[in-house]
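This is work.tsv (TSV, C-alpha atoms and all ligand atoms).
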```tsv
chain	number	residue	atom	x	y	z
A	18	MET	CA	-2.89	-21.03	8.32
A	19	THR	CA	-4.60	-18.55	10.54
A	20	GLY	CA	-6.13	-15.08	10.74
A	21	ILE	CA	-5.00	-12.17	12.92
A	22	ARG	CA	-7.16	-9.69	14.79
A	23	LEU	CA	-6.32	-6.43	16.53
A	24	GLU	CA	-9.06	-5.19	18.84
A	25	HIS	CA	-8.89	-1.53	19.94
A	26	VAL	CA	-5.13	-1.71	20.18
A	27	THR	CA	-3.27	1.35	21.47
A	28	LYS	CA	0.45	1.75	22.03
A	29	ARG	CA	1.93	4.69	23.90
A	30	PHE	CA	5.61	5.47	24.28
A	31	LYS	CA	5.56	7.78	27.32
A	32	SER	CA	3.21	10.55	26.15
A	33	ASP	CA	3.46	9.69	22.41
A	34	VAL	CA	0.63	7.64	20.96
A	35	ALA	CA	2.24	5.51	18.23
A	36	VAL	CA	-0.87	3.41	17.53
A	37	ASP	CA	-4.28	4.78	18.47
A	38	ASP	CA	-7.25	2.46	19.00
A	39	VAL	CA	-6.65	0.31	15.93
A	40	SER	CA	-9.05	-2.54	15.15
A	41	LEU	CA	-8.14	-4.68	12.17
A	42	GLU	CA	-9.04	-8.16	11.07
A	43	VAL	CA	-6.70	-10.01	8.71
A	44	LYS	CA	-8.43	-13.01	7.20
A	45	ASP	CA	-7.02	-16.49	6.95
A	46	GLY	CA	-4.66	-16.63	3.95
A	47	GLU	CA	-5.09	-12.95	3.14
A	48	PHE	CA	-2.33	-10.64	1.87
A	49	MET	CA	-2.91	-7.54	3.99
A	50	VAL	CA	-0.76	-4.46	3.36
A	51	ILE	CA	-0.46	-1.78	6.04
A	52	LEU	CA	0.25	1.44	4.16
A	53	GLY	CA	1.10	4.86	5.53
A	54	PRO	CA	3.72	7.60	5.74
A	55	SER	CA	6.83	7.37	7.89
A	56	GLY	CA	6.10	7.35	11.61
A	57	CYS	CA	2.39	6.46	11.31
A	58	GLY	CA	2.73	3.32	13.45
A	59	LYS	CA	3.17	0.52	10.91
A	60	THR	CA	6.21	-1.17	12.45
A	61	THR	CA	4.79	-0.75	15.95
A	62	SER	CA	1.59	-2.51	14.81
A	63	LEU	CA	3.57	-5.42	13.36
A	64	ARG	CA	5.74	-5.68	16.46
A	65	MET	CA	2.63	-5.93	18.63
A	66	ILE	CA	1.30	-8.79	16.49
A	67	ALA	CA	4.67	-10.52	16.80
A	68	GLY	CA	4.78	-9.92	20.55
A	69	LEU	CA	8.01	-7.91	20.31
A	70	GLU	CA	6.11	-4.93	21.72
A	71	VAL	CA	3.29	-5.13	24.25
A	72	GLN	CA	0.26	-2.94	23.60
A	73	THR	CA	-0.75	-0.37	26.21
A	74	SER	CA	-4.39	-1.40	25.82
A	75	GLY	CA	-6.52	-3.59	23.57
A	76	HIS	CA	-6.16	-7.20	22.48
A	77	VAL	CA	-4.33	-9.24	19.86
A	78	TYR	CA	-5.78	-12.52	18.58
A	79	ILE	CA	-4.01	-15.06	16.39
A	80	GLY	CA	-6.58	-17.46	15.04
A	81	ASP	CA	-9.13	-17.75	17.85
A	82	MET	CA	-6.45	-17.42	20.50
A	83	LEU	CA	-6.02	-14.35	22.66
A	84	VAL	CA	-2.21	-13.97	22.67
A	85	ASP	CA	-1.77	-10.86	24.85
A	86	ASP	CA	0.27	-12.85	27.37
A	87	TYR	CA	2.18	-14.95	24.84
A	88	GLU	CA	5.90	-14.52	24.28
A	89	PRO	CA	6.99	-13.94	20.64
A	90	ARG	CA	8.24	-17.52	20.32
A	91	GLU	CA	4.87	-18.88	21.51
A	92	ARG	CA	2.98	-17.01	18.78
A	93	ASN	CA	4.39	-19.10	15.89
A	94	ILE	CA	4.59	-16.12	13.59
A	95	ALA	CA	7.58	-15.21	11.42
A	96	MET	CA	8.78	-11.65	10.95
A	97	VAL	CA	10.95	-10.52	8.03
A	98	PHE	CA	12.68	-7.22	8.66
A	99	GLN	CA	13.67	-4.48	6.26
A	100	SER	CA	17.34	-5.15	7.01
A	101	TYR	CA	16.80	-8.96	6.64
A	102	ALA	CA	19.00	-9.33	9.76
A	103	LEU	CA	21.02	-12.18	8.21
A	104	TYR	CA	24.03	-13.42	10.19
A	105	PRO	CA	27.04	-12.29	8.12
A	106	HIS	CA	29.41	-14.97	9.41
A	107	MET	CA	27.04	-17.84	8.64
A	108	ARG	CA	26.52	-19.46	5.27
A	109	VAL	CA	23.11	-19.23	3.62
A	110	ALA	CA	22.15	-22.78	4.67
A	111	GLU	CA	22.99	-22.03	8.31
A	112	ASN	CA	21.10	-18.75	8.16
A	113	ILE	CA	18.00	-20.49	6.86
A	114	GLY	CA	18.23	-23.36	9.35
A	115	PHE	CA	19.17	-21.30	12.41
A	116	GLY	CA	15.64	-21.06	13.81
A	117	LEU	CA	15.25	-24.84	13.56
A	118	LYS	CA	18.62	-25.44	15.21
A	119	VAL	CA	17.75	-23.36	18.27
A	120	ARG	CA	14.55	-25.40	18.54
A	121	HIS	CA	16.68	-28.58	18.60
A	122	THR	CA	15.32	-29.98	15.35
A	123	PRO	CA	17.32	-33.08	14.29
A	124	LYS	CA	20.18	-32.27	11.88
A	125	ALA	CA	18.96	-34.48	9.03
A	126	GLU	CA	15.54	-32.89	9.18
A	127	ILE	CA	17.04	-29.38	9.16
A	128	ARG	CA	19.11	-30.26	6.09
A	129	GLU	CA	16.05	-31.59	4.25
A	130	ARG	CA	13.77	-28.67	5.14
A	131	VAL	CA	16.45	-26.08	4.25
A	132	TRP	CA	17.03	-27.77	0.90
A	133	ASN	CA	13.31	-27.94	0.09
A	134	VAL	CA	12.66	-24.30	0.86
A	135	ALA	CA	15.80	-23.24	-1.02
A	136	VAL	CA	14.58	-25.09	-4.12
A	137	GLN	CA	11.15	-23.56	-3.70
A	138	LEU	CA	12.69	-20.06	-3.74
A	139	GLY	CA	15.33	-20.84	-6.37
A	140	ILE	CA	18.35	-20.17	-4.12
A	141	GLU	CA	19.67	-23.73	-3.80
A	142	THR	CA	22.93	-22.78	-5.54
A	143	THR	CA	23.68	-20.12	-2.92
A	144	LEU	CA	23.49	-22.40	0.14
A	145	ASN	CA	27.28	-22.42	0.66
A	146	LYS	CA	27.72	-18.69	0.19
A	147	ARG	CA	27.80	-15.97	2.81
A	148	PRO	CA	25.23	-13.13	2.75
A	149	SER	CA	27.89	-10.64	1.55
A	150	GLU	CA	28.29	-12.69	-1.66
A	151	LEU	CA	24.58	-12.38	-2.57
A	152	SER	CA	22.58	-9.83	-4.53
A	153	GLY	CA	19.88	-7.80	-2.79
A	154	GLY	CA	17.15	-9.97	-4.30
A	155	GLN	CA	18.88	-13.17	-3.18
A	156	ARG	CA	19.29	-11.83	0.35
A	157	GLN	CA	15.60	-11.07	0.47
A	158	ARG	CA	14.83	-14.65	-0.57
A	159	VAL	CA	17.16	-16.01	2.12
A	160	ALA	CA	15.33	-13.92	4.71
A	161	LEU	CA	12.02	-15.27	3.42
A	162	ALA	CA	13.37	-18.82	3.33
A	163	ARG	CA	14.42	-18.49	6.96
A	164	ALA	CA	10.84	-17.50	7.79
A	165	ILE	CA	9.16	-20.16	5.61
A	166	VAL	CA	11.31	-23.06	6.87
A	167	ARG	CA	9.85	-22.70	10.36
A	168	LYS	CA	6.33	-23.30	8.99
A	169	PRO	CA	4.83	-20.37	10.87
A	170	GLU	CA	1.09	-19.71	10.96
A	171	ALA	CA	1.51	-16.22	9.50
A	172	PHE	CA	4.17	-13.93	8.04
A	173	LEU	CA	4.85	-10.35	9.06
A	174	LEU	CA	6.99	-8.40	6.59
A	175	ASP	CA	8.34	-4.94	7.41
A	176	GLU	CA	9.27	-3.14	4.17
A	177	PRO	CA	11.29	-6.13	2.95
A	178	LEU	CA	11.67	-4.72	-0.57
A	179	SER	CA	12.78	-1.20	0.26
A	180	ASN	CA	16.50	-1.95	-0.06
A	181	LEU	CA	16.16	-3.21	-3.62
A	182	ASP	CA	16.60	-1.06	-6.70
A	183	ALA	CA	13.60	-0.36	-8.91
A	184	LYS	CA	13.95	-3.23	-11.39
A	185	VAL	CA	14.82	-5.94	-8.87
A	186	ARG	CA	12.00	-4.63	-6.74
A	187	THR	CA	9.37	-5.21	-9.39
A	188	ASN	CA	10.54	-8.79	-9.83
A	189	ALA	CA	10.69	-9.28	-6.08
A	190	ARG	CA	7.06	-8.15	-5.83
A	191	ILE	CA	5.94	-10.70	-8.41
A	192	GLU	CA	8.00	-13.35	-6.64
A	193	LEU	CA	6.53	-12.51	-3.25
A	194	LYS	CA	3.00	-12.69	-4.62
A	195	ARG	CA	3.79	-16.09	-6.14
A	196	ILE	CA	5.15	-17.36	-2.82
A	197	HIS	CA	2.05	-16.11	-1.03
A	198	ARG	CA	-0.20	-17.94	-3.46
A	199	GLN	CA	1.89	-21.08	-3.20
A	200	LEU	CA	1.95	-21.10	0.62
A	201	GLY	CA	-1.64	-19.93	1.07
A	202	GLU	CA	-0.64	-18.40	4.42
A	203	THR	CA	-1.62	-15.11	6.01
A	204	PHE	CA	0.75	-12.24	5.15
A	205	VAL	CA	0.84	-8.82	6.78
A	206	PHE	CA	3.15	-6.59	4.77
A	207	VAL	CA	4.12	-3.06	5.77
A	208	THR	CA	5.13	-0.34	3.32
A	209	HIS	CA	4.98	3.40	2.75
A	210	ASP	CA	5.02	2.80	-1.03
A	211	GLN	CA	1.48	2.97	-2.40
A	212	VAL	CA	2.39	1.33	-5.72
A	213	GLU	CA	3.76	-1.63	-3.80
A	214	ALA	CA	0.58	-1.73	-1.71
A	215	MET	CA	-1.67	-1.57	-4.77
A	216	THR	CA	0.13	-4.37	-6.59
A	217	LEU	CA	0.53	-6.78	-3.67
A	218	ALA	CA	-2.52	-6.42	-1.47
A	219	ASP	CA	-5.74	-8.35	-1.25
A	220	ARG	CA	-6.71	-5.52	1.10
A	221	ILE	CA	-4.92	-2.35	2.16
A	222	ALA	CA	-5.10	-0.83	5.64
A	223	VAL	CA	-4.22	2.86	5.37
A	224	MET	CA	-2.74	4.45	8.51
A	225	ASP	CA	-1.93	8.03	9.39
A	226	ARG	CA	-0.56	9.32	12.69
A	227	GLY	CA	-1.43	6.18	14.61
A	228	HIS	CA	-4.97	5.92	13.23
A	229	LEU	CA	-6.34	3.28	10.89
A	230	LEU	CA	-8.23	5.39	8.36
A	231	GLN	CA	-9.55	2.80	5.94
A	232	CYS	CA	-9.28	-0.88	5.15
A	233	GLY	CA	-10.41	-2.17	1.78
A	234	THR	CA	-9.41	-3.70	-1.53
A	235	PRO	CA	-7.04	-1.63	-3.69
A	236	HIS	CA	-10.04	-0.82	-5.89
A	237	ASP	CA	-12.17	0.33	-2.90
A	238	VAL	CA	-9.42	2.54	-1.56
A	239	LEU	CA	-8.77	4.07	-4.98
A	240	THR	CA	-12.40	4.71	-5.94
A	241	HIS	CA	-13.91	5.40	-2.50
A	242	PRO	CA	-11.20	6.90	-0.28
A	243	VAL	CA	-12.77	7.84	3.06
A	244	ASN	CA	-11.04	11.21	3.05
A	245	ARG	CA	-8.71	13.55	1.22
A	246	PHE	CA	-5.62	12.09	2.87
A	247	VAL	CA	-6.34	8.56	1.63
A	248	GLY	CA	-7.40	9.93	-1.77
A	249	THR	CA	-4.11	11.68	-2.33
A	250	PHE	CA	-1.93	9.04	-0.66
A	251	VAL	CA	-3.04	6.25	-3.00
A	252	GLY	CA	-3.06	6.43	-6.79
A	253	SER	CA	-0.26	7.25	-9.20
A	254	PRO	CA	-0.08	9.84	-10.70
A	255	GLU	CA	-1.58	11.58	-7.71
A	256	LEU	CA	-5.22	12.62	-7.41
A	257	VAL	CA	-5.87	16.10	-8.83
A	258	VAL	CA	-7.37	18.16	-6.00
A	259	LEU	CA	-9.11	21.52	-6.46
A	260	ASP	CA	-10.65	23.61	-3.68
A	261	GLY	CA	-13.85	25.21	-4.94
A	262	ALA	CA	-17.52	25.56	-4.07
A	263	ILE	CA	-20.98	24.25	-4.79
A	264	GLU	CA	-23.09	26.92	-6.50
A	265	THR	CA	-26.59	27.08	-7.93
A	266	ARG	CA	-27.20	29.09	-11.06
A	267	GLY	CA	-30.75	29.01	-12.34
A	268	SER	CA	-31.78	25.38	-12.37
A	269	GLU	CA	-28.22	23.99	-12.42
A	270	THR	CA	-26.28	23.03	-9.31
A	271	ALA	CA	-22.57	22.56	-9.93
A	272	TYR	CA	-19.18	22.36	-8.34
A	273	VAL	CA	-17.22	25.40	-9.51
A	274	HIS	CA	-13.51	26.18	-9.51
A	275	GLY	CA	-12.61	29.05	-11.88
A	276	PRO	CA	-13.44	27.86	-15.39
A	277	ILE	CA	-14.26	24.33	-14.21
A	278	ARG	CA	-17.90	23.40	-13.64
A	279	VAL	CA	-18.95	19.87	-12.73
A	280	PRO	CA	-22.71	19.33	-12.45
A	281	VAL	CA	-23.79	17.75	-9.14
A	282	ARG	CA	-27.08	16.58	-7.63
A	283	ALA	CA	-29.76	19.25	-7.95
A	284	GLY	CA	-30.48	21.01	-4.68
A	285	ALA	CA	-27.12	20.22	-3.04
A	286	PRO	CA	-26.40	22.96	-0.47
A	287	ALA	CA	-24.09	25.79	-1.55
A	288	GLY	CA	-20.73	26.13	0.19
A	289	PRO	CA	-17.05	25.28	0.00
A	290	MET	CA	-16.21	21.88	-1.46
A	291	THR	CA	-13.10	20.15	-2.79
A	292	LEU	CA	-13.04	18.17	-6.01
A	293	GLY	CA	-10.76	15.18	-6.53
A	294	VAL	CA	-10.21	13.66	-9.97
A	295	ARG	CA	-7.91	10.83	-10.95
A	296	PRO	CA	-5.56	12.01	-13.73
A	297	TRP	CA	-6.88	9.18	-15.95
A	298	ASP	CA	-10.44	10.49	-15.59
A	299	ILE	CA	-9.44	13.75	-17.26
A	300	SER	CA	-9.71	13.52	-21.04
A	301	VAL	CA	-7.55	15.58	-23.39
A	302	GLU	CA	-8.86	15.82	-26.95
A	303	ARG	CA	-7.92	17.55	-30.20
A	304	SER	CA	-11.44	18.85	-30.85
A	305	PRO	CA	-14.18	20.63	-28.92
A	306	GLY	CA	-17.13	18.68	-27.56
A	307	GLU	CA	-19.90	18.90	-25.01
A	308	GLY	CA	-18.58	19.87	-21.58
A	309	ARG	CA	-15.00	20.24	-22.84
A	310	LEU	CA	-12.92	23.30	-21.98
A	311	ALA	CA	-10.41	24.95	-24.32
A	312	ALA	CA	-6.87	24.60	-22.97
A	313	THR	CA	-3.22	24.55	-23.96
A	314	VAL	CA	-0.62	21.83	-23.41
A	315	ALA	CA	1.77	23.37	-20.87
A	316	GLY	CA	3.97	20.39	-20.09
A	317	LEU	CA	4.54	16.73	-20.93
A	318	GLU	CA	6.03	13.68	-19.29
A	319	ARG	CA	6.23	10.72	-21.61
A	320	THR	CA	6.15	7.37	-19.85
A	321	GLY	CA	5.81	4.93	-22.73
A	322	SER	CA	2.26	3.74	-23.29
A	323	HIS	CA	0.88	6.77	-21.45
A	324	ASP	CA	1.77	10.44	-21.26
A	325	GLN	CA	1.24	12.82	-18.40
A	326	VAL	CA	-0.07	15.98	-19.98
A	327	PHE	CA	-0.21	19.24	-18.06
A	328	VAL	CA	-3.04	21.30	-19.51
A	329	GLU	CA	-3.60	24.97	-18.78
A	330	ILE	CA	-7.19	26.15	-18.83
A	331	PRO	CA	-7.55	29.95	-19.05
A	332	GLY	CA	-9.27	31.58	-16.07
A	333	VAL	CA	-12.71	33.18	-16.38
A	334	ALA	CA	-13.32	36.94	-15.99
A	335	GLY	CA	-9.64	37.69	-15.53
A	336	GLY	CA	-9.20	34.91	-12.94
A	337	ALA	CA	-6.10	32.73	-12.66
A	338	PRO	CA	-5.63	29.87	-15.15
A	339	VAL	CA	-5.95	26.31	-13.85
A	340	THR	CA	-3.33	23.70	-14.62
A	341	LEU	CA	-4.35	20.03	-14.43
A	342	ARG	CA	-2.29	16.88	-14.72
A	343	ALA	CA	-3.97	14.33	-16.98
A	344	LEU	CA	-2.85	10.81	-17.84
A	345	VAL	CA	-3.68	9.94	-21.41
A	346	ARG	CA	-2.70	7.23	-23.84
A	347	SER	CA	0.16	8.55	-25.93
A	348	TYR	CA	-1.25	10.93	-28.51
A	349	ASP	CA	1.96	12.71	-29.39
A	350	PHE	CA	0.93	16.05	-28.00
A	351	ASN	CA	3.42	18.90	-28.08
A	352	ILE	CA	3.84	21.80	-25.74
A	353	GLY	CA	1.68	24.71	-26.92
A	354	ASP	CA	-0.90	22.50	-28.69
A	355	PRO	CA	-4.49	23.69	-28.37
A	356	VAL	CA	-6.60	20.94	-26.76
A	357	TRP	CA	-10.02	20.43	-25.19
A	358	VAL	CA	-10.27	19.06	-21.67
A	359	GLY	CA	-13.10	17.09	-20.09
A	360	ILE	CA	-13.55	15.96	-16.50
A	361	ASP	CA	-15.60	12.80	-15.96
A	362	GLY	CA	-18.04	14.09	-13.35
A	363	THR	CA	-19.48	10.62	-12.74
A	364	ARG	CA	-16.08	9.52	-11.44
A	365	ALA	CA	-15.29	12.69	-9.48
A	366	LEU	CA	-14.71	12.60	-5.72
A	367	PHE	CA	-15.93	15.36	-3.43
A	368	PHE	CA	-14.44	16.18	-0.05
A	369	ASP	CA	-16.06	18.55	2.42
A	370	PRO	CA	-13.95	21.30	4.07
A	371	GLU	CA	-12.92	18.90	6.89
A	372	GLY	CA	-11.57	16.51	4.27
A	373	ALA	CA	-14.17	13.74	4.63
A	374	LEU	CA	-15.55	12.09	1.49
A	375	ASN	CA	-18.96	13.50	0.55
A	376	ASP	CA	-20.66	10.82	-1.51
A	377	SER	CA	-24.08	12.46	-1.72
A	378	LEU	CA	-23.15	15.00	-4.42
A	379	ALA	CA	-22.78	12.89	-7.53
A	380	ALA	CA	-25.25	13.88	-10.22
A	381	PRO	CA	-27.26	10.98	-11.56
A	382	SER	CA	-25.42	9.93	-14.70
A	383	ALA	CA	-27.04	10.64	-18.06
A	384	GLY	CA	-29.65	8.16	-19.21
A	385	HIS	CA	-30.74	7.17	-15.68
A	401	LIG	N1	10.76	2.27	21.04
A	401	LIG	C1	10.19	3.47	20.84
A	401	LIG	N2	10.27	4.44	21.77
A	401	LIG	C2	9.68	5.64	21.60
A	401	LIG	N3	8.95	5.98	20.50
A	401	LIG	C3	8.84	5.06	19.54
A	401	LIG	C4	9.44	3.76	19.64
A	401	LIG	N4	9.15	3.05	18.53
A	401	LIG	C5	8.40	3.87	17.75
A	401	LIG	N5	8.21	5.06	18.36
A	401	LIG	C6	7.43	6.19	17.81
A	401	LIG	O1	6.15	5.70	17.41
A	401	LIG	C7	5.73	6.27	16.20
A	401	LIG	C8	5.46	5.18	15.18
A	401	LIG	O2	6.67	4.53	14.85
A	401	LIG	P1	6.75	3.31	13.84
A	401	LIG	O3	8.14	2.82	13.85
A	401	LIG	O4	5.68	2.33	14.16
A	401	LIG	O5	6.42	4.04	12.47
A	401	LIG	P2	6.44	3.47	10.97
A	401	LIG	O6	5.08	3.72	10.42
A	401	LIG	O7	6.93	2.07	10.97
A	401	LIG	O8	7.46	4.45	10.24
A	401	LIG	P3	8.57	4.15	9.08
A	401	LIG	O9	7.81	4.13	7.78
A	401	LIG	O10	9.46	5.34	9.18
A	401	LIG	O11	9.24	2.86	9.40
A	401	LIG	C9	6.82	7.23	15.78
A	401	LIG	O12	6.45	8.52	16.18
A	401	LIG	C10	8.04	6.75	16.55
A	401	LIG	O13	8.91	7.82	16.85
A	402	MG	MG	8.65	1.17	10.16
```
As structure tokens, please, write out the structure in this file.
Ligand SMILES: Nc1ncnc2c1ncn2[C@@H]1O[C@H](COP(=O)(O)OP(=O)(O)OP(=O)(O)O)[C@@H](O)[C@H]1O
Ligand SMILES: [Mg+2]
Amino acid sequence: MTGIRLEHVTKRFKSDVAVDDVSLEVKDGEFMVILGPSGCGKTTSLRMIAGLEVQTSGHVYIGDMLVDDYEPRERNIAMVFQSYALYPHMRVAENIGFGLKVRHTPKAEIRERVWNVAVQLGIETTLNKRPSELSGGQRQRVALARAIVRKPEAFLLDEPLSNLDAKVRTNARIELKRIHRQLGETFVFVTHDQVEAMTLADRIAVMDRGHLLQCGTPHDVLTHPVNRFVGTFVGSPELVVLDGAIETRGSETAYVHGPIRVPVRAGAPAGPMTLGVRPWDISVERSPGEGRLAATVAGLERTGSHDQVFVEIPGVAGGAPVTLRALVRSYDFNIGDPVWVGIDGTRALFFDPEGALNDSLAAPSAGH
């Protein structure tokens, strides 16, 4: 069991910067997810930890050891690839034990360790099969078993669930989390799927275009995204984002976008500002109330316990209407229903015109 540390790590491929000055500390036993869009440098980061790629500058530590000059095999870290890279001509047992065989582990010991890890992952009945005879979920477990059997100090997983269909994938996530808890080892898991990141991670490291933008718990990243990119990249359904402005009218300072007004801290400077609201922080009610705006249900997506309701708020003074996506507990709304919409200003996010989070605008909540 051991932590991993990247210190100002940069990787260039010719003139392209794939990873740009990334510093990241993965704690002992932590489940760290690196999340970001395609091409942002996730795989390159993992490959540098594994030693399969050498950084252009910066340092990699595994535990307290500086491993910049260590070969992959000397780092005692296991990597599970998206493709699983199982040997098609070998049976499952041979696939799992292959890494031990090349290290000249005695045959009896290999057999025992392979059996134990197969039982642990519930694939002991597949040991005599070939990879082509397995389901996607079973293949993933074989790939994991092959990593676990070597007793590495940490696991690196590069989108190992992306080949699975939706249902199997959910189970595989639960399974992976269970294995992590059982092993208590350090996991670094790469994905571009924010739902996967949210459900698996102890902490999420969000990357974009080679940069590490934010590292925090799923809750931190959801409630305090450092910028607009992180705010919209995490959270499902997606953050509602409205470009507007801070205005002062009489004694009230508010964020304004068409008919929408969200009170902010008195005396905040006027100027362009963007509002971000999670769809579940928008309330949709059947009756008027303080701060609620009259609207019409313009669209619906029923998802079981919750509905996504698209509400259209008429514009003011001939301005354009504003459509918002809200997530509400199923109320059986119908298209065309008159409703009243409220935005929870105490949970609103504000981004300045450059996209950075502005956390000095929130109005003190009532009663304080
Ligand atoms: N061997 C290489 N030679 C040249 N450029 C590379 C190489 N490997 C990666 N890159 C470039 O580095 C950048 C980051 O690639 P990387 O594979 O790390 O992205 P990723 O975040 O894993 O993306 P994906 O989600 O698509 O797997 C990309 O622009 C890619 O084209
Ligand atoms: Mg990748």
>> (-9.6, 2.1, 1.0) in this file's frame - what residues fall within 12 Å of it? Use all atoms listed in the file and give the answer as a VMD selection string.
In response: chain A and resid 50 to 53 211 214 to 215 218 to 224 229 to 252 374
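Nearest residue to Val328 in chain A among A:Gln155, A:Thr313, A:Asn112, A:Thr203 is A:Thr313, counting all atoms listed in the file.
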Using only C-alpha atoms, find each residue in range 98-187 of chain A having at least one atom no more than 12 Å away from range 73-89 of chain A; report its shortest atom-to-atom pair and that distance in Å (one decimal), rows by chain then rising number, as a tab-separated table.
```
residue	atom	partner	partner_atom	distance
A:Pro169	CA	A:Ile79	CA	11.7
A:Glu170	CA	A:Ile79	CA	8.8
A:Ala171	CA	A:Ile79	CA	8.9
A:Phe172	CA	A:Ile79	CA	11.7
```
Each chain A residue no farther than 10 Å from ligand LIG 401 (chain A), nearest pair in Å, only C-alpha atoms and all ligand atoms, as JSON lines:
```
{"residue": "A:Lys28", "atom": "CA", "partner": "A:LIG401", "partner_atom": "O1", "distance": 8.3}
{"residue": "A:Arg29", "atom": "CA", "partner": "A:LIG401", "partner_atom": "O1", "distance": 7.8}
{"residue": "A:Phe30", "atom": "CA", "partner": "A:LIG401", "partner_atom": "C2", "distance": 4.9}
{"residue": "A:Lys31", "atom": "CA", "partner": "A:LIG401", "partner_atom": "C2", "distance": 7.4}
{"residue": "A:Ser32", "atom": "CA", "partner": "A:LIG401", "partner_atom": "N3", "distance": 9.3}
{"residue": "A:Asp33", "atom": "CA", "partner": "A:LIG401", "partner_atom": "N3", "distance": 6.9}
{"residue": "A:Val34", "atom": "CA", "partner": "A:LIG401", "partner_atom": "O1", "distance": 6.8}
{"residue": "A:Ala35", "atom": "CA", "partner": "A:LIG401", "partner_atom": "O1", "distance": 4.0}
{"residue": "A:Val36", "atom": "CA", "partner": "A:LIG401", "partner_atom": "C8", "distance": 7.0}
{"residue": "A:Ile51", "atom": "CA", "partner": "A:LIG401", "partner_atom": "O6", "distance": 9.0}
{"residue": "A:Leu52", "atom": "CA", "partner": "A:LIG401", "partner_atom": "O6", "distance": 8.2}
{"residue": "A:Gly53", "atom": "CA", "partner": "A:LIG401", "partner_atom": "O6", "distance": 6.4}
{"residue": "A:Pro54", "atom": "CA", "partner": "A:LIG401", "partner_atom": "O9", "distance": 5.7}
{"residue": "A:Ser55", "atom": "CA", "partner": "A:LIG401", "partner_atom": "O9", "distance": 3.4}
{"residue": "A:Gly56", "atom": "CA", "partner": "A:LIG401", "partner_atom": "O5", "distance": 3.4}
{"residue": "A:Cys57", "atom": "CA", "partner": "A:LIG401", "partner_atom": "O6", "distance": 3.9}
{"residue": "A:Gly58", "atom": "CA", "partner": "A:LIG401", "partner_atom": "O4", "distance": 3.2}
{"residue": "A:Lys59", "atom": "CA", "partner": "A:LIG401", "partner_atom": "O6", "distance": 3.8}
{"residue": "A:Thr60", "atom": "CA", "partner": "A:LIG401", "partner_atom": "O7", "distance": 3.6}
{"residue": "A:Thr61", "atom": "CA", "partner": "A:LIG401", "partner_atom": "O4", "distance": 3.7}
{"residue": "A:Ser62", "atom": "CA", "partner": "A:LIG401", "partner_atom": "O4", "distance": 6.4}
{"residue": "A:Leu63", "atom": "CA", "partner": "A:LIG401", "partner_atom": "O4", "distance": 8.1}
{"residue": "A:Arg64", "atom": "CA", "partner": "A:LIG401", "partner_atom": "O4", "distance": 8.3}
{"residue": "A:Met65", "atom": "CA", "partner": "A:LIG401", "partner_atom": "O4", "distance": 9.9}
{"residue": "A:Glu70", "atom": "CA", "partner": "A:LIG401", "partner_atom": "N1", "distance": 8.6}
{"residue": "A:Gln99", "atom": "CA", "partner": "A:LIG401", "partner_atom": "O11", "distance": 9.1}
{"residue": "A:Asp175", "atom": "CA", "partner": "A:LIG401", "partner_atom": "O7", "distance": 8.0}
{"residue": "A:Glu176", "atom": "CA", "partner": "A:LIG401", "partner_atom": "O11", "distance": 8.0}
{"residue": "A:Val207", "atom": "CA", "partner": "A:LIG401", "partner_atom": "O7", "distance": 7.8}
{"residue": "A:Thr208", "atom": "CA", "partner": "A:LIG401", "partner_atom": "O9", "distance": 6.9}
{"residue": "A:His209", "atom": "CA", "partner": "A:LIG401", "partner_atom": "O9", "distance": 5.8}
{"residue": "A:Asp210", "atom": "CA", "partner": "A:LIG401", "partner_atom": "O9", "distance": 9.3}
{"residue": "A:Met224", "atom": "CA", "partner": "A:LIG401", "partner_atom": "O6", "distance": 8.1}
{"residue": "A:Asp225", "atom": "CA", "partner": "A:LIG401", "partner_atom": "O6", "distance": 8.3}
{"residue": "A:Arg226", "atom": "CA", "partner": "A:LIG401", "partner_atom": "C8", "distance": 7.7}
{"residue": "A:Gly227", "atom": "CA", "partner": "A:LIG401", "partner_atom": "C8", "distance": 7.0}
```
>> At a cut-off of 7 Å, using all atoms listed in the file, what residues contact Glu302 in chain A? Leave out same-chain residues fewer than 5 positions from it and give the result as a PyMOL selection string.
In response: chain A and resi 356-358
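Considering the residues A:Leu173, A:Ala183, A:Ile113, A:Leu292 and counting all atoms listed in the file, Ala379 in chain A has its shortest atom-to-atom contact with A:Leu292.
When the distance limit is 12 Å and all atoms listed in the file are what count, the residues near Thr143 in chain A, minus those fewer than 3 positions from it on the same chain, are Arg108, Val109, Ala110, Glu111, Asn112, Ile113, Val131, Trp132, Ala135, Val136, Leu138, Gly139, Ile140, Lys146, Arg147, Pro148, Ser149, Glu150, Leu151, Ser152, Gln155, Arg156, Arg158 and Val159 of chain A.
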> For Pro305 in chain A, which residue among A:Gly153, A:Gly372, A:Pro355, A:Pro254 is the nearest when counting all atoms listed in the file?
Replying inline: A:Pro355
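Excluding Pro338 in chain A itself and same-chain residues fewer than 6 positions from it, the residues having an atom within 10 Å of it are Gly275, Pro276, Ala312, Val328, Glu329, Ile330, Pro331 and Gly332 of chain A, counting only C-alpha atoms.
What separates CA of Leu69 in chain A from CA of Asn93 in chain A is a distance of 12.6 Å.
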